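First the structure, in the form of structure tokens, and then the observations on it.
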Amino acid sequence: MISSTNGPTGGQPPLSALTRRSLFGLAGGTLAIAAAPLSAQLASGFTHGVASGEPGADRVLLWTRFVAEAETRLAMEVSDTLDFARARAVGEAVASPDRDWCAKAFAEGLEAGRWYYYRFVAPDGRMSEIGRTRTLPTGPTGRWRMAVFSCSNIGFGWFNAYAHAAAADDFDCAVHTGDYFYEYGRGTYPSAEQALGGRDITPAGETVALADYRLRHAAYRSDPDLRRLHQLYPMISVWDDHESANDSWRGGAENHQPDTEGEWDVRKRAAMRAYREWLPVSDDPWASYQVGDLATLYRLETRLEARAKPLDLATVLAGKSSPEDVAGALVRFRETDYADPSRELMGAAQQAWLARGMQQSKAAGTRWQVLAQQVIMGHLSAPPDLLSAYAALLPNAYKARVQAGVAASRAGLPFNMDAWDGYPAARERLLKAALEAEAELVVLAGDSHNAWAFDLDLDGSPAGVEFAGHSVTSPGAETYLPGLPADQFARAAVDRNDQLKWADTSQRGYMAVELTPQHAACEWRFMDTVRERSTQLAGTHRMVAPAGARRFEA
């Protein structure tokens, strides 16, 4: 068990204090680790820095990894000073081979709304790096800022978004909405031609078994910028599909072949276990976090627990060649399978928990109800006129796919069935619960690799806003629609979709989300490049939703 003394009286520990080389356990700091071979990454002692997550008003989950010859109990120290002269919490965490030497435990009895330093100490006196973390505030709260990330594929480039957020030092926590890593083997995504030299992944093949997932986590967590981000901010993390396999659902995945890769449940459990070992996350599939009287943040699970199999337009259109047959098949699909009320994304238990949570949050006087989750909630259909003209210029191998999206749009269907758009009844249940609770909903999403801002509504009633984030490195529409000007596509998408208020479909980066009693705001930050290490921004875009409006300001 962890004991504690009274919390600190000071404010935020300075970022500059954590830039000194003396705080790193080896010469050259994390930069040396990024270029080290796997044997060095998995050496004995503290191998992958420190991290924190699951923040509460009086506790934070602390993480490290310590490789030894046998199970080792690590002392855990929390202080408000860099010299650790005043211990604010002490305890222990166990590094065990059964958990891939990952150790984590809650530091409890802390004071609300405070920054702390922490470290781990081995029995022989070796020390981990020093980390910085923060508890959630209680009572009146004037501002909370979150750095929100998604879709980090190491092969496509450098994690410059992480580096920028770490250097900015203007956030209270980080949020990762999924695709923390990608499961593909080398040469698949990215292809050999797309891959950036020096950003190879381990293992070389696809992650299928528990050992594979552990090695992939180890490879990603050796990235200096990701490691630095974890060192400086507590992170609230949710998995999306690529932490297990592409387009995953409760019973399978597009990128899982049972004949050669075994039972899906075995692979799914392996992916979930490795994720919970390697990240400062609890084993709870969903959770909530109370940020004073300002916000209740809900971490949702929409991928592996209850999600029904994604619908597939290609299957609907199989064997249909004439425009009449295509249109007829899409209309029948729209009225039957697509509208099926039994199709779940969160599941009944999580839906009931969220509905109760939003009711309780509003009854307690909390301003914002924030959903940290994986996929886009706003409705998106393809701009048919633009894409129809674009399809005419494509080779036959690509033309059919774009034309199918055009036909779906004209039939009143979305183009991405792997988002909330593919589960309209489940989305309606969630938005109805939000309206019944009189919630001021803010939805955070990733997955699409592009940046979007939506006014969410249910049958014309404003329900909230959605900040949907672009990727850290994974390519967006500029890659999938080559030759089509990205700004032209974004404008056409906004014109086509009533809920969509703004879009950028060609840049990488992250979201800086700010909550105050007066507004919920998002600044999309676009990195200048991901093909070389840089924290230079190419630009930003900011949008604001005033309190009480449940929509973006005009």
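Order determines the names: the first chain of the structure tokens is A, the second B, and so forth; residues in each chain are numbered 1 upward, and ligands are numbered 1 upward as they are shown.
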
Extract, using only C-alpha atoms, all DNA, RNA and protein residues at most 10 Å from range 241-247 of chain A, discarding same-chain residues fewer than 6 positions from it, and format them as a tab-separated table (two decimals) with N, CA and C atoms, in the first residue's frame.
```
chain	number	residue	atom	x	y	z
A	151	CYS	N	-3.33	8.30	-33.94
A	151	CYS	CA	-2.80	7.75	-35.19
A	151	CYS	C	-1.31	8.05	-35.38
A	152	SER	N	-0.50	7.31	-34.61
A	152	SER	CA	0.94	7.53	-34.60
A	152	SER	C	1.64	6.31	-35.22
A	153	ASN	N	1.92	6.38	-36.49
A	153	ASN	CA	2.58	5.28	-37.20
A	153	ASN	C	4.05	5.64	-37.36
A	178	GLY	N	-6.29	6.90	-29.52
A	178	GLY	CA	-6.10	5.59	-30.12
A	178	GLY	C	-5.17	5.56	-31.31
A	179	ASP	N	-4.92	4.31	-31.78
A	179	ASP	CA	-3.88	4.04	-32.77
A	179	ASP	C	-2.55	4.58	-32.27
A	180	TYR	N	-2.27	4.23	-31.01
A	180	TYR	CA	-1.01	4.56	-30.35
A	180	TYR	C	0.15	3.92	-31.08
A	181	PHE	N	-0.08	2.72	-31.62
A	181	PHE	CA	0.86	2.11	-32.56
A	181	PHE	C	0.08	1.36	-33.62
A	182	TYR	N	0.80	0.82	-34.62
A	182	TYR	CA	0.18	0.06	-35.70
A	182	TYR	C	0.74	-1.36	-35.71
A	183	GLU	N	-0.12	-2.31	-36.03
A	183	GLU	CA	0.21	-3.73	-35.91
A	183	GLU	C	0.89	-4.32	-37.14
A	184	TYR	N	0.94	-3.61	-38.26
A	184	TYR	CA	1.41	-4.17	-39.51
A	184	TYR	C	2.90	-4.53	-39.46
A	206	GLU	N	4.02	-8.87	-38.59
A	206	GLU	CA	2.80	-8.36	-37.97
A	206	GLU	C	2.70	-8.83	-36.53
A	207	THR	N	2.13	-7.99	-35.66
A	207	THR	CA	1.95	-8.38	-34.27
A	207	THR	C	0.70	-9.25	-34.14
A	208	VAL	N	0.90	-10.47	-33.67
A	208	VAL	CA	-0.21	-11.42	-33.51
A	208	VAL	C	-0.21	-12.01	-32.11
A	213	TYR	N	3.20	-8.13	-29.54
A	213	TYR	CA	2.65	-6.86	-29.08
A	213	TYR	C	3.57	-6.20	-28.07
A	216	ARG	N	6.44	-4.60	-29.96
A	216	ARG	CA	6.02	-3.40	-30.68
A	216	ARG	C	5.87	-2.23	-29.72
A	217	HIS	N	5.29	-2.47	-28.54
A	217	HIS	CA	5.22	-1.42	-27.54
A	217	HIS	C	6.61	-0.94	-27.17
A	253	ALA	N	-11.57	-8.92	-36.93
A	253	ALA	CA	-10.96	-7.71	-37.48
A	253	ALA	C	-10.69	-7.92	-38.95
A	254	GLU	N	-10.67	-6.83	-39.70
A	254	GLU	CA	-10.34	-6.92	-41.12
A	254	GLU	C	-8.95	-7.50	-41.31
A	255	ASN	N	-8.05	-7.15	-40.42
A	255	ASN	CA	-6.66	-7.60	-40.53
A	255	ASN	C	-6.38	-8.80	-39.61
A	256	HIS	N	-7.35	-9.68	-39.48
A	256	HIS	CA	-7.11	-10.93	-38.75
A	256	HIS	C	-7.65	-12.09	-39.57
A	264	TRP	N	-9.38	-15.27	-32.82
A	264	TRP	CA	-9.40	-13.84	-32.58
A	264	TRP	C	-9.38	-13.53	-31.09
A	267	ARG	N	-5.86	-13.53	-29.76
A	267	ARG	CA	-5.09	-12.35	-30.19
A	267	ARG	C	-5.60	-11.09	-29.50
A	268	LYS	N	-6.90	-10.94	-29.39
A	268	LYS	CA	-7.47	-9.76	-28.75
A	268	LYS	C	-7.02	-9.66	-27.30
A	269	ARG	N	-7.05	-10.77	-26.57
A	269	ARG	CA	-6.62	-10.74	-25.17
A	269	ARG	C	-5.13	-10.40	-25.06
A	270	ALA	N	-4.34	-10.90	-25.99
A	270	ALA	CA	-2.91	-10.59	-25.98
A	270	ALA	C	-2.68	-9.09	-26.19
A	271	ALA	N	-3.40	-8.51	-27.15
A	271	ALA	CA	-3.24	-7.08	-27.44
A	271	ALA	C	-3.67	-6.23	-26.25
A	272	MET	N	-4.79	-6.60	-25.63
A	272	MET	CA	-5.28	-5.85	-24.47
A	272	MET	C	-4.32	-5.96	-23.29
A	274	ALA	N	-0.99	-6.58	-23.36
A	274	ALA	CA	0.24	-5.82	-23.60
A	274	ALA	C	0.00	-4.32	-23.46
A	275	TYR	N	-1.15	-3.85	-23.94
A	275	TYR	CA	-1.48	-2.43	-23.83
A	275	TYR	C	-1.54	-2.02	-22.36
A	302	THR	N	-15.00	1.72	-27.59
A	302	THR	CA	-15.91	1.53	-28.72
A	302	THR	C	-15.35	0.54	-29.73
A	303	ARG	N	-14.43	-0.32	-29.32
A	303	ARG	CA	-13.74	-1.13	-30.32
A	303	ARG	C	-13.79	-2.64	-30.06
A	304	LEU	N	-13.49	-3.10	-28.84
A	304	LEU	CA	-13.27	-4.53	-28.62
A	304	LEU	C	-14.29	-5.21	-27.72
A	309	LYS	N	-19.84	-6.02	-35.92
A	309	LYS	CA	-18.99	-6.03	-37.11
A	309	LYS	C	-19.33	-4.85	-38.02
A	310	PRO	N	-18.32	-4.11	-38.47
A	310	PRO	CA	-18.60	-2.98	-39.36
A	310	PRO	C	-19.30	-3.43	-40.64
A	374	GLN	N	-12.74	7.06	-29.77
A	374	GLN	CA	-11.89	6.73	-30.89
A	374	GLN	C	-12.33	7.34	-32.23
A	375	VAL	N	-13.57	7.16	-32.62
A	375	VAL	CA	-13.94	7.39	-34.01
A	375	VAL	C	-14.89	8.58	-34.15
A	418	ASP	N	-16.91	2.47	-40.58
A	418	ASP	CA	-16.14	2.08	-39.41
A	418	ASP	C	-16.15	3.17	-38.35
A	419	ALA	N	-16.94	4.23	-38.54
A	419	ALA	CA	-17.10	5.31	-37.57
A	419	ALA	C	-18.51	5.22	-36.97
A	447	ASP	N	-8.70	8.66	-35.38
A	447	ASP	CA	-8.93	7.58	-36.32
A	447	ASP	C	-8.86	7.96	-37.79
```

Notebook entry, point to check: Skipping near chain neighbours, those fewer than 3 positions away, what residues fall within 9 Å of Glu532 in chain A using only C-alpha atoms, listed as a list in words?
Noted result: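 After dropping sequence-adjacent residues, the list is Gly157, Trp158, Asn160, Leu196 and Thr529 of chain A.
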
Using only N, CA and C atoms, please write the residues we just selected to a file, as a PDB file, in the first residue's frame.
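Generated output (again_16.pdb):
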```pdb
ATOM      1  N   GLY A 157       7.056   8.543 -40.198  1.00  0.00           N
ATOM      2  CA  GLY A 157       7.799   9.749 -39.888  1.00  0.00           C
ATOM      3  C   GLY A 157       8.056   9.923 -38.408  1.00  0.00           C
ATOM      4  N   TRP A 158       8.559  11.094 -38.062  1.00  0.00           N
ATOM      5  CA  TRP A 158       8.899  11.425 -36.693  1.00  0.00           C
ATOM      6  C   TRP A 158       7.679  11.918 -35.927  1.00  0.00           C
ATOM      7  N   ASN A 160       6.766  14.425 -34.313  1.00  0.00           N
ATOM      8  CA  ASN A 160       7.004  15.832 -34.026  1.00  0.00           C
ATOM      9  C   ASN A 160       5.868  16.474 -33.240  1.00  0.00           C
ATOM     10  N   LEU A 196      10.023   5.801 -43.902  1.00  0.00           N
ATOM     11  CA  LEU A 196      11.132   6.721 -43.674  1.00  0.00           C
ATOM     12  C   LEU A 196      12.321   5.952 -43.113  1.00  0.00           C
ATOM     13  N   THR A 529       6.470  19.306 -40.915  1.00  0.00           N
ATOM     14  CA  THR A 529       6.891  18.073 -41.571  1.00  0.00           C
ATOM     15  C   THR A 529       6.876  16.945 -40.556  1.00  0.00           C
TER      16      THR A 529
END
```

Item checked: Backbone-only DSSP, helix (DSSP H, G or I) members of range 250-476 of chain A, as a ChimeraX atom specification -> /A:258-261,264-278,313-317,323-335,348-363,384-391,396-410,420-422,424-436

Note to self: With only C-alpha atoms as the counted atoms, please give the residues lying no more than 8 Å from range 423-436 of chain A, apart from itself and same-chain residues fewer than 5 positions off, as a list in words.
What the structure shows: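 Result of the neighbour search: Tyr338, Ala339, Asp340, Pro341, Ser342, Arg343, Glu344, Leu345, Met346, Gln351, Ala355, Met358, Met377, Met417, Leu441, Asp457, Leu458 and Ala463 of chain A.
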
Next item on the list: Find, counting only C-alpha atoms, the residue in A:Ser381, A:Ser409, A:Gln290, A:Ser79 that gets nearest to Ala493 in chain A.
Entry: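 Going through A:Ser381, A:Ser409, A:Gln290, A:Ser79 one by one, the smallest distance to Ala493 in chain A is for A:Ser381.
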
Next item on the list: Just the residues within 8 Å of Met76 in chain A, please, counting only C-alpha atoms, with nothing from its chain fewer than 3 positions along; format it as a PyMOL selection string.
Entry: chain A and resi 89-93+118-121

Next item on the list: Tell me which protein, DNA and RNA residues are within 12 Å of Gly125 in chain A, counting only C-alpha atoms, leaving out same-chain ones fewer than 2 positions away, and put them as number ranges by chain.
Entry: A: 45-46, 73-75, 119-123, 127-128

Margin query: Taking only C-alpha atoms into account, name the residue in A:Thr177, A:Gln373, A:Ser534, A:Thr505 that is nearest to Trp420 in chain A.
Written below: A:Gln373

Next item on the list: Extract, using only C-alpha atoms, all DNA, RNA and protein residues at most 7 Å from Ala327 in chain A, discarding same-chain residues fewer than 4 positions from it, and format them as a ChimeraX atom specification.
Entry: /A:323,331,407,411

Next item on the list: Would you mind telling me which residue in A:Trp278, A:Phe156, A:Tyr289, A:Trp524 lies nearest to Pro55 in chain A when using only C-alpha atoms?
Entry: A:Tyr289

Checklist line | Proximity to Ile154 in chain A - best of A:Gly460, A:Gly422, A:Gly483, A:Pro190, only C-alpha atoms | finding: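 Once distances to Ile154 in chain A are computed over only C-alpha atoms, the minimum belongs to A:Pro190.
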
Next item on the list: Can you pull out every residue within 12 Å of Glu478 in chain A, counting only C-alpha atoms, but drop anything in the same chain fewer than 2 positions away, and send it as a PyMOL selection string?
Entry: chain A and resi 449-450+474-476+480-490+504-508

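Nearest to Phe149 in chain A of all the residues A:Ala521, A:Ile376, A:Ala382, A:Met511 is A:Met511, counting only C-alpha atoms.
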
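Here CA of Pro517 in chain A is placed at a distance of 25.9 Å from CA of Val238 in chain A.
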
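The space separating CA of Trp144 in chain A from CA of Ala512 in chain A comes to 10.6 Å.
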
Next item on the list: List every residue of range 232-299 of chain A that DSSP, applied to the backbone, labels as strand (DSSP E or B), and write the result as a PyMOL selection string.
Entry: chain A and resi 234-237+248-249+252-253+287-291+295-299

Write the residues of the selection above to a file with N, CA and C atoms, as a short mmCIF file (atom, residue, chain, number, x, y, z; two decimals), in the first residue's frame.
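Saved file result.cif follows:
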```
data_model
loop_
_atom_site.label_atom_id
_atom_site.label_comp_id
_atom_site.auth_asym_id
_atom_site.auth_seq_id
_atom_site.Cartn_x
_atom_site.Cartn_y
_atom_site.Cartn_z
N PRO A 234 0.57 13.61 -17.30
CA PRO A 234 -0.27 12.42 -17.17
C PRO A 234 -1.09 12.24 -18.44
N MET A 235 -1.25 11.00 -18.87
CA MET A 235 -1.97 10.73 -20.11
C MET A 235 -3.22 9.90 -19.83
N ILE A 236 -4.32 10.30 -20.44
CA ILE A 236 -5.55 9.51 -20.47
C ILE A 236 -5.61 8.84 -21.84
N SER A 237 -5.61 7.52 -21.85
CA SER A 237 -5.43 6.77 -23.10
C SER A 237 -6.59 5.83 -23.36
N SER A 248 -11.00 -3.58 -36.07
CA SER A 248 -11.36 -4.62 -35.12
C SER A 248 -12.76 -4.38 -34.55
N TRP A 249 -13.38 -5.46 -34.13
CA TRP A 249 -14.68 -5.44 -33.46
C TRP A 249 -14.68 -6.60 -32.48
N GLY A 252 -13.80 -10.07 -34.29
CA GLY A 252 -12.80 -10.23 -35.35
C GLY A 252 -12.22 -8.90 -35.78
N ALA A 253 -11.57 -8.92 -36.93
CA ALA A 253 -10.96 -7.71 -37.48
C ALA A 253 -10.69 -7.92 -38.95
N ALA A 287 -13.95 4.65 -18.04
CA ALA A 287 -13.74 5.36 -16.78
C ALA A 287 -14.12 6.82 -16.95
N SER A 288 -14.26 7.53 -15.82
CA SER A 288 -14.54 8.97 -15.85
C SER A 288 -13.54 9.70 -14.97
N TYR A 289 -13.36 10.99 -15.27
CA TYR A 289 -12.38 11.83 -14.58
C TYR A 289 -13.04 13.18 -14.32
N GLN A 290 -13.04 13.63 -13.07
CA GLN A 290 -13.71 14.86 -12.70
C GLN A 290 -12.72 15.99 -12.58
N VAL A 291 -12.87 17.01 -13.43
CA VAL A 291 -11.98 18.17 -13.44
C VAL A 291 -12.70 19.32 -12.74
N ALA A 295 -15.45 20.16 -15.79
CA ALA A 295 -15.70 19.11 -16.79
C ALA A 295 -15.68 17.73 -16.15
N THR A 296 -16.49 16.85 -16.70
CA THR A 296 -16.36 15.42 -16.47
C THR A 296 -15.92 14.81 -17.79
N LEU A 297 -14.78 14.14 -17.76
CA LEU A 297 -14.25 13.50 -18.96
C LEU A 297 -14.51 12.00 -18.87
N TYR A 298 -15.09 11.44 -19.93
CA TYR A 298 -15.43 10.02 -19.97
C TYR A 298 -14.52 9.33 -20.99
N ARG A 299 -13.78 8.36 -20.52
CA ARG A 299 -12.96 7.52 -21.42
C ARG A 299 -13.81 6.34 -21.87
#
```
